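Shown below: structure_0.txt, with compact mmCIF, C-alpha atoms.
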```txt
# COMPACT_ATOMS: atom_id res chain seq x y z
CA MET A 208 8.94 9.24 16.93
CA ALA A 209 10.22 10.60 13.64
CA GLY A 210 13.81 9.75 12.96
CA PHE A 211 14.16 6.54 14.93
CA LEU A 212 15.52 4.77 11.87
CA TYR A 213 18.39 7.18 11.56
CA MET A 214 20.31 6.47 14.74
CA SER A 215 23.94 6.82 13.88
CA ASP A 216 25.85 5.20 16.73
CA LEU A 217 24.34 1.99 18.07
CA ASN A 218 27.11 1.40 20.54
CA ALA A 219 26.93 4.83 22.08
CA PRO A 220 26.27 4.67 25.81
CA VAL A 221 22.68 5.24 26.68
CA SER A 222 22.16 8.84 27.64
CA PRO A 223 19.63 9.95 30.23
CA ALA A 224 16.17 9.74 28.77
CA ILE A 225 14.70 12.77 27.10
CA PRO A 226 11.30 12.64 28.70
CA ALA A 227 8.40 12.49 26.33
CA VAL A 228 6.14 15.29 27.32
CA GLY A 229 3.18 14.35 29.46
CA SER A 230 0.40 12.98 27.37
CA ASN A 231 2.78 12.07 24.53
CA SER A 232 4.29 9.28 26.55
CA LEU A 233 3.07 5.88 25.38
CA THR A 234 3.33 2.34 26.63
CA TYR A 235 4.72 -0.07 24.05
CA ALA A 236 4.89 -3.83 23.74
CA ILE A 237 7.40 -5.09 21.18
CA VAL A 238 7.31 -8.43 19.38
CA VAL A 239 10.47 -9.70 17.68
CA ARG A 240 9.78 -12.53 15.26
CA CYS A 241 12.93 -12.35 13.15
CA GLY A 242 16.26 -13.96 13.89
CA SER A 243 19.64 -12.29 14.02
CA HIS A 244 20.34 -13.48 10.47
CA GLN A 245 17.58 -11.21 9.22
CA GLN A 246 19.88 -8.43 10.25
CA SER A 247 17.99 -5.35 9.13
CA GLN A 248 14.61 -6.33 10.56
CA ALA A 249 16.07 -7.58 13.82
CA LEU A 250 18.11 -4.41 14.06
CA SER A 251 15.05 -2.25 13.41
CA ALA A 252 13.34 -3.88 16.37
CA PHE A 253 16.26 -2.98 18.61
CA GLN A 254 16.59 0.56 17.28
CA PHE A 255 12.89 1.22 17.66
CA THR A 256 12.83 -0.04 21.23
CA LYS A 257 15.94 1.87 22.24
CA GLU A 258 14.69 5.10 20.71
CA ALA A 259 11.27 4.71 22.33
CA LEU A 260 12.96 4.34 25.72
CA LEU A 261 15.30 7.25 25.08
CA GLN A 262 12.33 9.45 24.28
CA GLY A 263 10.77 8.58 27.60
CA HIS A 264 8.18 6.08 26.47
CA LYS A 265 7.55 2.97 28.48
CA VAL A 266 8.23 -0.48 27.07
CA LEU A 267 6.29 -3.08 29.00
CA ARG A 268 8.04 -6.06 27.55
CA VAL A 269 9.92 -7.25 24.49
CA PHE A 270 8.61 -10.64 23.41
CA PHE A 271 10.80 -12.89 21.27
CA TYR A 272 8.87 -15.40 19.18
CA GLN A 273 9.43 -17.65 16.15
CA GLN A 274 12.92 -17.00 14.71
CA GLY A 275 13.40 -14.20 17.20
CA VAL A 276 14.20 -16.66 19.97
CA HIS A 277 17.66 -17.23 18.48
CA ILE A 278 18.66 -13.76 19.64
CA ALA A 279 18.35 -15.06 23.21
CA SER A 280 21.10 -17.65 22.80
CA ARG A 281 24.30 -16.97 24.73
CA LEU A 282 26.13 -19.44 22.46
CA ARG A 283 26.06 -17.29 19.35
CA VAL A 284 29.43 -16.14 18.09
CA VAL A 285 29.19 -12.98 16.02
CA PRO A 286 31.93 -11.91 13.57
CA GLN A 287 33.88 -9.01 15.01
CA ASP A 288 32.77 -6.56 12.37
CA GLU A 289 29.09 -7.35 12.82
CA LEU A 290 26.66 -6.16 15.43
CA ASN A 291 25.97 -8.50 18.32
CA LEU A 292 22.23 -8.09 18.75
CA THR A 293 22.19 -10.32 21.82
CA ALA A 294 24.67 -8.05 23.58
CA LEU A 295 22.81 -4.91 22.45
CA TRP A 296 19.53 -6.19 23.91
CA GLN A 297 21.24 -7.27 27.12
CA GLN A 298 22.75 -3.83 27.62
CA LEU A 299 19.46 -2.10 26.87
CA SER A 300 17.76 -4.38 29.36
CA VAL A 301 20.30 -3.52 32.07
CA ASP A 302 20.13 0.21 31.40
CA HIS A 303 16.34 0.44 31.37
CA GLU A 304 15.26 -2.55 33.46
CA LEU A 305 13.66 -3.76 30.27
CA GLU A 306 11.94 -7.13 30.38
CA LEU A 307 13.08 -9.51 27.64
CA GLY A 308 10.60 -12.40 27.43
CA VAL A 309 11.28 -15.38 25.19
CA CYS A 310 8.50 -17.74 24.15
CA ILE A 311 9.31 -20.92 26.01
CA ALA A 312 7.75 -23.31 23.47
CA ALA A 313 9.61 -21.78 20.53
CA ALA A 314 12.82 -21.53 22.56
CA LEU A 315 12.85 -25.16 23.67
CA GLN A 316 12.38 -26.29 20.07
CA SER A 317 15.40 -24.25 19.06
CA GLY A 318 17.70 -25.38 21.84
CA ILE A 319 17.39 -22.21 23.87
CA VAL A 320 17.02 -23.41 27.47
CA ASP A 321 17.58 -21.93 30.88
CA ARG A 322 18.97 -23.91 33.82
CA GLN A 323 15.59 -24.98 35.05
CA GLU A 324 14.48 -26.39 31.69
CA SER A 325 17.90 -27.91 31.13
CA SER A 326 17.64 -29.89 34.33
CA ARG A 327 13.97 -30.73 33.73
CA TYR A 328 14.79 -32.31 30.37
CA GLU A 329 18.24 -33.52 31.48
CA LEU A 330 20.01 -31.70 28.68
CA GLY A 331 23.36 -31.26 30.39
CA SER A 332 23.77 -27.57 29.61
CA ASP A 333 21.87 -24.36 29.20
CA SER A 334 22.01 -21.68 26.52
CA LEU A 335 19.79 -18.76 27.49
CA ALA A 336 21.64 -15.45 27.58
CA SER A 337 21.45 -13.40 30.77
CA GLN A 338 18.71 -10.76 31.02
CA PHE A 339 16.41 -12.95 28.89
CA THR A 340 13.60 -14.94 30.55
CA LEU A 341 11.62 -17.88 29.22
CA VAL A 342 7.90 -17.06 29.45
CA GLY A 343 4.63 -18.36 28.05
CA LEU A 344 2.67 -16.89 25.15
CA GLY A 345 0.30 -15.51 27.76
CA GLN A 346 2.90 -12.86 28.53
CA LEU A 347 2.47 -11.57 24.99
CA ALA A 348 -1.30 -11.53 25.36
CA ALA A 349 -1.01 -9.72 28.71
CA ALA A 350 1.38 -7.14 27.29
CA SER A 351 -0.83 -6.55 24.26
CA ALA A 352 -3.80 -5.95 26.57
CA GLU A 353 -1.94 -3.41 28.69
CA CYS A 354 -0.03 -1.45 26.06
CA ASP A 355 -1.03 1.55 24.00
CA ARG A 356 0.89 0.25 20.98
CA LEU A 357 1.86 -3.26 20.02
CA VAL A 358 4.67 -3.21 17.46
CA SER A 359 5.81 -6.38 15.73
CA PHE A 360 9.01 -6.85 13.72
CA GLY A 361 9.77 -9.54 11.14
CA GLY A 362 8.08 -12.82 10.53
CA ASN A 363 6.97 -12.46 6.94
CA MET B 295 -8.93 -4.39 23.51
CA SER B 296 -9.78 -6.07 20.22
CA CYS B 297 -7.34 -7.64 17.83
CA LEU B 298 -7.47 -8.66 14.20
CA MET B 299 -5.02 -11.38 13.21
CA THR B 300 -4.20 -11.76 9.53
CA LEU B 301 -2.84 -15.18 8.65
CA THR B 302 -1.05 -15.48 5.32
CA HIS B 303 0.86 -18.74 5.65
CA ALA B 304 -0.01 -22.12 4.13
CA PRO B 305 -0.81 -24.73 6.79
CA TYR B 306 2.27 -26.88 6.33
CA GLY B 307 5.82 -26.36 5.15
CA SER B 308 6.75 -24.26 8.15
CA GLN B 309 5.65 -23.71 11.72
CA ASP B 310 4.24 -20.29 10.84
CA ALA B 311 0.57 -21.29 10.59
CA LYS B 312 0.69 -23.22 13.83
CA GLU B 313 2.56 -20.48 15.71
CA SER B 314 0.14 -17.80 14.56
CA LEU B 315 -2.91 -19.88 15.52
CA ASP B 316 -1.34 -20.44 18.94
CA ILE B 317 -1.33 -16.68 19.43
CA ALA B 318 -5.00 -16.48 18.43
CA LEU B 319 -5.88 -19.09 21.05
CA VAL B 320 -3.86 -17.40 23.77
CA LEU B 321 -5.32 -13.97 22.97
CA SER B 322 -8.78 -15.45 23.30
CA ALA B 323 -7.86 -17.15 26.58
CA PHE B 324 -6.90 -13.66 27.78
CA GLU B 325 -10.30 -12.39 26.68
CA GLN B 326 -9.03 -10.16 23.92
CA ASN B 327 -11.59 -11.34 21.36
CA PRO B 328 -9.36 -11.88 18.37
CA ALA B 329 -10.89 -11.99 14.91
CA VAL B 330 -9.01 -13.86 12.21
CA LEU B 331 -8.59 -12.88 8.56
CA PHE B 332 -7.24 -15.55 6.22
CA LEU B 333 -5.35 -14.02 3.34
CA ASP B 334 -3.23 -15.29 0.44
CA GLU B 335 -2.01 -18.82 1.13
CA GLY B 336 -3.54 -18.53 4.59
CA VAL B 337 -6.91 -19.55 3.09
CA LEU B 338 -5.45 -23.04 2.62
CA GLN B 339 -5.56 -23.45 6.41
CA LEU B 340 -9.34 -23.66 6.04
CA LEU B 341 -9.33 -26.61 3.66
CA PRO B 342 -10.69 -29.83 5.18
CA SER B 343 -7.65 -32.08 5.09
CA SER B 344 -7.55 -35.78 5.72
CA GLN B 345 -3.85 -36.11 5.11
CA MET B 346 -1.13 -34.02 6.67
CA PRO B 347 2.62 -34.34 7.14
CA SER B 348 3.40 -36.40 10.22
CA SER B 349 6.02 -33.83 11.20
CA HIS B 350 3.38 -31.19 11.88
CA LYS B 351 0.45 -30.68 14.20
CA HIS B 352 -2.89 -31.03 12.42
CA ILE B 353 -3.84 -27.46 11.52
CA GLY B 354 -7.42 -28.50 10.80
CA LYS B 355 -7.83 -29.56 14.41
CA ILE B 356 -6.62 -26.20 15.68
CA ILE B 357 -8.93 -24.42 13.23
CA SER B 358 -11.90 -26.45 14.39
CA ALA B 359 -11.01 -25.59 18.00
CA LEU B 360 -11.30 -21.84 17.31
CA GLU B 361 -15.03 -21.89 17.94
CA MET B 362 -14.51 -23.59 21.30
CA TYR B 363 -12.19 -20.72 22.18
CA ASP B 364 -14.94 -18.24 21.28
CA ILE B 365 -13.12 -17.12 18.16
CA ASN B 366 -16.17 -16.86 15.97
CA GLU B 367 -15.30 -13.99 13.74
CA LEU B 368 -13.49 -15.51 10.77
CA TRP B 369 -12.87 -13.60 7.56
CA VAL B 370 -11.56 -14.77 4.21
CA GLU B 371 -10.50 -12.54 1.38
CA GLN B 372 -12.47 -13.17 -1.82
CA GLU B 373 -9.48 -12.60 -4.09
CA SER B 374 -7.41 -15.16 -2.16
CA LEU B 375 -10.17 -17.75 -2.62
CA ASP B 376 -10.29 -16.91 -6.34
CA ARG B 377 -6.56 -17.42 -6.64
CA PHE B 378 -6.94 -21.03 -5.55
CA SER B 379 -10.29 -21.55 -7.37
CA LEU B 380 -12.05 -22.06 -4.04
CA VAL B 381 -15.50 -21.09 -2.85
CA ALA B 382 -16.50 -20.57 0.76
CA ASP B 383 -18.62 -23.75 0.77
CA GLN B 384 -15.50 -25.85 0.38
CA LEU B 385 -13.97 -24.57 3.60
CA SER B 386 -14.03 -26.40 6.90
CA GLN B 387 -15.53 -23.45 8.79
CA THR B 388 -18.30 -20.96 8.30
CA VAL B 389 -16.54 -17.78 7.32
CA ASN B 390 -17.32 -14.23 6.27
CA VAL B 391 -16.05 -13.50 2.78
CA ILE B 392 -14.71 -10.00 2.30
CA ALA B 393 -13.49 -8.21 -0.83
CA ARG B 394 -9.96 -6.83 -0.88
CA GLY B 395 -11.31 -3.31 -1.14
CA GLN B 396 -13.08 -3.66 2.21
CA ILE B 397 -10.12 -4.89 4.23
CA ALA B 398 -8.89 -1.47 5.26
CA GLN B 399 -12.33 -0.78 6.76
CA LEU B 400 -12.21 -4.12 8.56
CA CYS B 401 -8.80 -3.34 10.06
CA ALA B 402 -10.06 0.02 11.27
CA GLN B 403 -12.59 -1.70 13.54
CA TYR B 404 -9.88 -3.21 15.74
CA ASP B 405 -7.46 -1.75 18.26
CA GLN B 406 -4.64 -3.97 17.14
CA HIS B 407 -3.67 -5.79 13.96
CA LEU B 408 -1.19 -8.64 13.97
CA VAL B 409 0.01 -9.94 10.60
CA PHE B 410 1.52 -13.37 10.24
```
Rendering of file as C-alpha cells:
Amino acid sequence: MAGFLYMSDLNAPVSPAIPAVGSNSLTYAIVVRCGSHQQSQALSAFQFTKEALLQGHKVLRVFFYQQGVHIASRLRVVPQDELNLTALWQQLSVDHELELGVCIAAALQSGIVDRQESSRYELGSDSLASQFTLVGLGQLAAASAECDRLVSFGGN
Amino acid sequence: MSCLMTLTHAPYGSQDAKESLDIALVLSAFEQNPAVLFLDEGVLQLLPSSQMPSSHKHIGKIISALEMYDINELWVEQESLDRFSLVADQLSQTVNVIARGQIAQLCAQYDQHLVF
C-alpha cells in the first residue's frame, strides 16, 4: 500500500485495476467521520479507498458517520477551484460498484434525507446525493465483522 | 472478531460521546464483544451525574446500559483519572484501571481498535 498518499491526479479516469497478487488482496471497510470542510482528512479517506480498489483490494463498504454525512448531500456547492468530494465518491462508486452507506440517524439530524425519509417526515424535499444510501449503524458493525481491515478517517 | 473502542470525548458539549457509545452498543448487538477504554476527557463519561444539559441524551444512562449489552470490559487510564483528580471509586461503573505504559499491550489483544 506504500505510496497511496502521493496520488498526483485525483480526477484522472480510473484505470483498470492492477490486481493485488493472490494472498495480498485484502477486504477493507472504511469509516469516514470527517466532513468535507476538514479537507485533508476527508480527502485522505477518498484517496486511500481509491488506491485500495486500484490495487485490487476489495472494499466492502464505505460508512459515513458523524460529520462525514455532509459529504452525502447533493445540495453542496463547491467552489470551482476546490475538489468536490461528493462527486469524487459518486464516480468511484459507479466505477467500482462501491457501496456508500450513510448513517441514517446522523444524516437525518443534519438534513440529509432520501425520498423515503422525506415523505415519512413530510419534509417537502430530499437531499441525499445519488449512489449514497441511508443505512443503520448495524451496517458498520456487519462490515467490521467481515473485513480484514477496518480503517477510520477523521473524527478527532 | 474483537474490538477495543477508545473514547476520549467529554460527555457533553458535542454529540461525540453519544455517537461513539452508540457504536459500542451496536457492535455488541452484532456479537463483536467490544471492550471500552476511557481516555483523557473520556473518563468524565463515567462520572455519576445528576444534572445534564437538556439538549443532550443522558450519557450516564447509556453507560449504565453497557452491562445489559454484555459490554463488561471497561478500562480507564490511570493518568487520565489523575488529571482530573479522580479515583476509580468515584466512577459510576466498576472499571479496570490501566497505566498508560500498558495500553499498547491492551490494544494488541484486539483485532480492531476504534478511537473516538
_Between atom CA of A:Gln298 and atom CA of A:Leu260, what distance in Å does the model show, to one decimal?_
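Atom CA of A:Leu260 lies at a distance of 12.9 Å from atom CA of A:Gln298.
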*asked:* What does the structure give for the distance between atom CA of B:Pro342 and atom CA of B:Ala311, in Å to one decimal?
replied: 15.1 Å
Each chain B residue no farther than 10 Å from chain A, nearest pair in Å, only C-alpha atoms, as CSV:
```
residue,atom,partner,partner_atom,distance
B:Met295,CA,A:Ala352,CA,6.2
B:Ser296,CA,A:Ala352,CA,8.7
B:Cys297,CA,A:Ser351,CA,9.2
B:Thr302,CA,A:Asn363,CA,8.7
B:His303,CA,A:Asn363,CA,8.9
B:Gln309,CA,A:Gln273,CA,8.4
B:Asp310,CA,A:Gln273,CA,7.9
B:Glu313,CA,A:Gln273,CA,7.4
B:Ser314,CA,A:Gln273,CA,9.4
B:Asp316,CA,A:Leu344,CA,8.2
B:Ile317,CA,A:Leu344,CA,7.0
B:Ala318,CA,A:Ala348,CA,9.3
B:Leu319,CA,A:Leu344,CA,9.7
B:Val320,CA,A:Gly345,CA,6.1
B:Leu321,CA,A:Ala348,CA,5.3
B:Ser322,CA,A:Ala348,CA,8.7
B:Ala323,CA,A:Gly345,CA,8.4
B:Phe324,CA,A:Ala348,CA,6.5
B:Glu325,CA,A:Ala348,CA,9.1
B:Gln326,CA,A:Ala352,CA,7.2
B:Asp405,CA,A:Arg356,CA,9.0
B:Gln406,CA,A:Leu357,CA,7.1
B:His407,CA,A:Leu357,CA,8.6
B:Leu408,CA,A:Ser359,CA,7.6
B:Val409,CA,A:Asn363,CA,8.3
B:Phe410,CA,A:Asn363,CA,6.4
```
_From the options A:Gln338, A:Tyr328, A:Gln246, A:Thr234, which residue's atoms come nearest to A:Gly275, counting all atoms listed in the file?_
A:Gln246
*What is the atom CA of B:Leu301-atom CA of A:Val276 distance in Å, reported with one decimal?*
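If I compute the distance from atom CA of B:Leu301 to atom CA of A:Val276, I get 20.5 Å.
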*Please identify all polymer residues within 12 Å of stretch 385-393 of chain B, counting all atoms listed in the file, omitting same-chain residues fewer than 4 positions from it, and present them as an MDAnalysis selection string.*
chainID B and resid 329:333 337:344 353:361 365:376 379:381 397:401
Might you pull out every residue within 12 Å of A:Ser243, with only C-alpha atoms counted and same-chain residues fewer than 6 positions away left off, and present them as a tab-separated table (two decimals) with C-alpha atoms, in the frame of the given file?
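Result written to around17.tsv:
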```tsv
chain	number	residue	atom	x	y	z
A	249	ALA	CA	16.07	-7.58	13.82
A	250	LEU	CA	18.11	-4.41	14.06
A	251	SER	CA	15.05	-2.25	13.41
A	252	ALA	CA	13.34	-3.88	16.37
A	253	PHE	CA	16.26	-2.98	18.61
A	271	PHE	CA	10.80	-12.89	21.27
A	273	GLN	CA	9.43	-17.65	16.15
A	274	GLN	CA	12.92	-17.00	14.71
A	275	GLY	CA	13.40	-14.20	17.20
A	276	VAL	CA	14.20	-16.66	19.97
A	277	HIS	CA	17.66	-17.23	18.48
A	278	ILE	CA	18.66	-13.76	19.64
A	279	ALA	CA	18.35	-15.06	23.21
A	280	SER	CA	21.10	-17.65	22.80
A	283	ARG	CA	26.06	-17.29	19.35
A	284	VAL	CA	29.43	-16.14	18.09
A	285	VAL	CA	29.19	-12.98	16.02
A	289	GLU	CA	29.09	-7.35	12.82
A	290	LEU	CA	26.66	-6.16	15.43
A	291	ASN	CA	25.97	-8.50	18.32
A	292	LEU	CA	22.23	-8.09	18.75
A	293	THR	CA	22.19	-10.32	21.82
A	294	ALA	CA	24.67	-8.05	23.58
A	295	LEU	CA	22.81	-4.91	22.45
A	296	TRP	CA	19.53	-6.19	23.91
A	360	PHE	CA	9.01	-6.85	13.72
A	361	GLY	CA	9.77	-9.54	11.14
```
*Protein and nucleic acid residues near (5.4, -30.9, 12.4) (cut-off 12 Å, all atoms listed in the file) as a PyMOL selection string*: (chain A and resi 316) or (chain B and resi 305-313+346-353)
*Name the residues in contact with A:Val269 at a cut-off of 7 Å, using all atoms listed in the file, excluding same-chain residues fewer than 6 positions from it; report them as a ChimeraX atom specification.*
/A:236-238,306-308
For C-alpha atoms, I'd like the residues from the last selection saved as a PDB file, in the coordinates of the input.
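Final output, saved to part_39.pdb:
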```
ATOM      1  CA  ALA A 236       4.890  -3.830  23.740  1.00  0.00           C
ATOM      2  CA  ILE A 237       7.400  -5.090  21.180  1.00  0.00           C
ATOM      3  CA  VAL A 238       7.310  -8.430  19.380  1.00  0.00           C
ATOM      4  CA  GLU A 306      11.940  -7.130  30.380  1.00  0.00           C
ATOM      5  CA  LEU A 307      13.080  -9.510  27.640  1.00  0.00           C
ATOM      6  CA  GLY A 308      10.600 -12.400  27.430  1.00  0.00           C
TER       7      GLY A 308
END
```
*Would you mind telling me which residue in A:Phe255, A:Cys310, A:Asp288, A:Ser325 lies nearest to A:Phe270 when using all atoms listed in the file?*
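Ranked by minimum distance to A:Phe270, first place goes to A:Cys310.
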*Taking into account all atoms listed in the file, which residue in the set B:Ala382, B:Leu298, B:Ala304, B:Ala402 is nearest to B:Pro328?*
B:Leu298
Where is the centre and how long are the edges: axis-aligned box on stretch 312-316 of chain A, 3 Å on each side, Å to one decimal, as JSON:
```
{"center_x": 10.3, "center_y": -23.9, "center_z": 21.9, "size_x": 11.1, "size_y": 10.8, "size_z": 9.6}
```
